[in-house]
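Enquirer: Pasting a structure here, questions to come.
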Amino acid sequence: MPFRPDMDDVRDRARGAFLGLALGDALGATVEFMLPGEIRALQGVHREITGGGWLRLRPGAVTDDTQMSIWMGRAIANGGGWDLRRSAVHLAAWLRTGPADVGNTVRRGLRRFVVEGTLEGEPSPGDAGNGAAMRMLPVALATLADHEAMRRAAVEQGRLTHHHPLSDAACVHVGELLHLACLGLGMPRLRRASDAFVRALPEFAFSPYRGESGGYVAETIATVLHHLHASASFEETLVGVVNRGGDADTTGAIAGAIAGAYHGPDDMPRRWLRQLDPEVREEAEWLAERLVALSPLGQGEPPDL
Ligand code: MN
Ligand code: MN
């Protein structure tokens with residue numbers, strides 16, 4: 001008998017992933033670019049969604065991490081499936097909305113697409129930032145049950161703005177963990193996947209954890225993996241990650257998506273969900289449902305485990 005997950009459970013976990021992404025972004029943005037010692041001195045442990053930060057956000061507002069994921073999600077939902085060019089068009093439309101924060105590599109890549117129409121740039125040593133890994137969730141949900149389709153789409157979507165082997169690998173591993181978590185597999189299974197990933201690419205080593213949490217994708221992913229694998233709840237994961245400071249909205253967003261799928265929406269602090277921008281919350285939940293429905297799993301395919 002092939003393994004068949006309960007689809008109600010998968011939909012719940014997908015909703016948890018999208019909400020978790022937004023919650024991690026909203027929680028982490030307050031302390032983005034701070035050092036752990038500065039966070040402690042200013043407020044002890046940062047564990048409430050209060051807005052502010054260098055972007056002076058309203059409490060519950062999200063940043064580019066969630067916005068790009070939502071626009072990618074819209075591209076897939078509107079197109080009825082994964083379509084690289086449609087995603088590029090949507091991300092370019094997002095850029096025209098004048099977002100408060102856009103990473104340099106993302107801006108350069110999207111401008112290149114607008115001017116040249118190309119869907120990837122030349123490989124560049126400067127492209128090892130986390131800006132592609134942070135928008136992996138929609139691709140992961142839309143490819144549930146098909147690991148190969150996820151790998152292809154992960155690399156394609158990533159290279160719209162980031163053409164670097166570490167960015168490619170990070171996108172694929174985030175997608176892999178999202179798949180496993182959405183299917184309801186246990187933490188030992190996720191840990192085995194992370195250990196294999198680090199054996200192949202030691203740049204991402206997270207145990208022992210070096211404590212670096214910047215925008216370099218290897219630091220971002222190590223921070224996410226360390227806290228994901230060491231924490232017993234959604235809240236513990238996110239509080240641990242964002243109090244590392246650095247690129248805290250992005251480590252928060254990626255960890256929030258994986259932990260949100262793994263622990264599920266019922267494990268999320270009510271006080272955080274109440275703070276989250278209601279329009280973001282509504283669209284995140286709607287997109288999660290739509291993307292799962294469009295995925296091979298949602299279309300009746302068994303998972304390829
Ligand atoms: Mn951000
Ligand atoms: Mn960030």
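Following the order of the structure tokens, first chain is A, next is B, and so on, with residues numbered from 1 inside each chain and ligands from 1 in the order they appear.
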Residues up to 6 Å from ligand 1, counting only C-alpha atoms and all ligand atoms: could you list those as a list in words?
Expert: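 Checking only C-alpha atoms and all ligand atoms against ligand 1 at 6 Å gives Thr63, Asp64, Asp65, Asp249 and Thr250 of chain A.
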Enquirer: Please identify every polymer residue within 12 Å of ligand 2, using only C-alpha atoms and all ligand atoms, and present the set as JSON, numbers by chain.
Expert: {"A": [24, 25, 26, 27, 28, 29, 30, 31, 32, 33, 34, 53, 54, 55, 62, 63, 64, 65, 66, 67, 68, 100, 101, 102, 103, 104, 106, 129, 130, 131, 132, 133, 134, 135, 213, 214, 215, 216, 217, 220, 242, 245, 246, 247, 248, 249, 250, 251, 252, 253, 254]}
Enquirer: May I have the residues within 6 Å of range 161-174 of chain A as an MDAnalysis selection string, using only C-alpha atoms and disregarding those fewer than 2 positions away in the same chain?
Expert: chainID A and resid 106 109 123 127:128 133 151 154:155 158:159 176:177
Enquirer: Please identify which residues in range 44-255 of chain A DSSP calls strand (DSSP E or B) from the backbone, and express them as JSON, numbers by chain.
Expert: {"A": [52, 57, 129, 216]}
Enquirer: Between A:Ile70, A:Ala218, A:Ala149, A:Leu291, single out the one closest to Val198 in chain A, counting only C-alpha atoms.
Expert: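 Residue with the minimum atom-to-atom distance to Val198 in chain A: A:Ala218.
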Enquirer: Any idea what's packed within 7 Å of Arg13 in chain A, counting only C-alpha atoms, ignoring anything in its chain fewer than 2 positions away? Could you give it as a PyMOL selection string?
Expert: chain A and resi 9-11+15-17+182+260-262+264-265
Enquirer: Counting only C-alpha atoms, which residues in range 99-176 of chain A sit no more than 9 Å from range 75-82 of chain A? For each one, give the nearest pair of atoms and the distance in Å, sorted by chain then residue number, as a tab-separated table.
Expert:
```
residue	atom	partner	partner_atom	distance
A:Pro138	CA	A:Ile76	CA	7.6
A:Val139	CA	A:Trp82	CA	7.3
A:Ala142	CA	A:Gly81	CA	6.9
A:Thr143	CA	A:Trp82	CA	8.3
A:Ala153	CA	A:Trp82	CA	7.5
```
Enquirer: As a PyMOL selection string, please: every residue in range 25-226 of chain A that DSSP puts in helix (DSSP H, G or I).
Expert: chain A and resi 25-29+36-43+64-79+84-96+104-116+125-127+133-135+137-142+147-159+165-182+187-200+202-204+217-226
Enquirer: Could you tell me which of A:Leu91, A:Ala230, A:Arg274, A:Asn243 comes closest to Leu42 in chain A if we count only C-alpha atoms?
Expert: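 Of A:Leu91, A:Ala230, A:Arg274, A:Asn243, the one nearest Leu42 in chain A is A:Asn243, counting only C-alpha atoms.
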Enquirer: So that I can see what lies close to Val292 in chain A, please list as a PyMOL selection string the residues with an atom at most 9 Å from it, counting only C-alpha atoms and leaving out residues fewer than 2 positions away in the same chain.
Expert: chain A and resi 10-11+14+141-144+287-290+294-299
Enquirer: Could you pull the residues within 12 Å of Ala232 in chain A, counting only C-alpha atoms, minus those fewer than 4 positions along the same chain, as an MDAnalysis selection string?
Expert: chainID A and resid 187 227:228 236:240 259 262:263 267
Enquirer: Work out how far CA of His90 in chain A is from CA of Ala22 in chain A, in Å to one decimal.
Expert: 18.9 Å
Enquirer: Tell me which of A:His147, A:Arg244, A:Arg107, A:Arg86 sits closest to Pro302 in chain A, counting only C-alpha atoms.
Expert: A:His147
Enquirer: Hey, what's within 9 Å of Asp304 in chain A if we count only C-alpha atoms and toss same-chain stuff fewer than 3 positions away? As a list in words, please?
Expert: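 Those residues are Pro2, Phe3, Ala145, Asp146, His147 and Glu301 of chain A.
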Enquirer: Report the distance between CA of His179 in chain A and CA of Ala140 in chain A in Å, rounded to one decimal place.
Expert: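 Value for the CA of His179 in chain A-CA of Ala140 in chain A distance: 6.5 Å.
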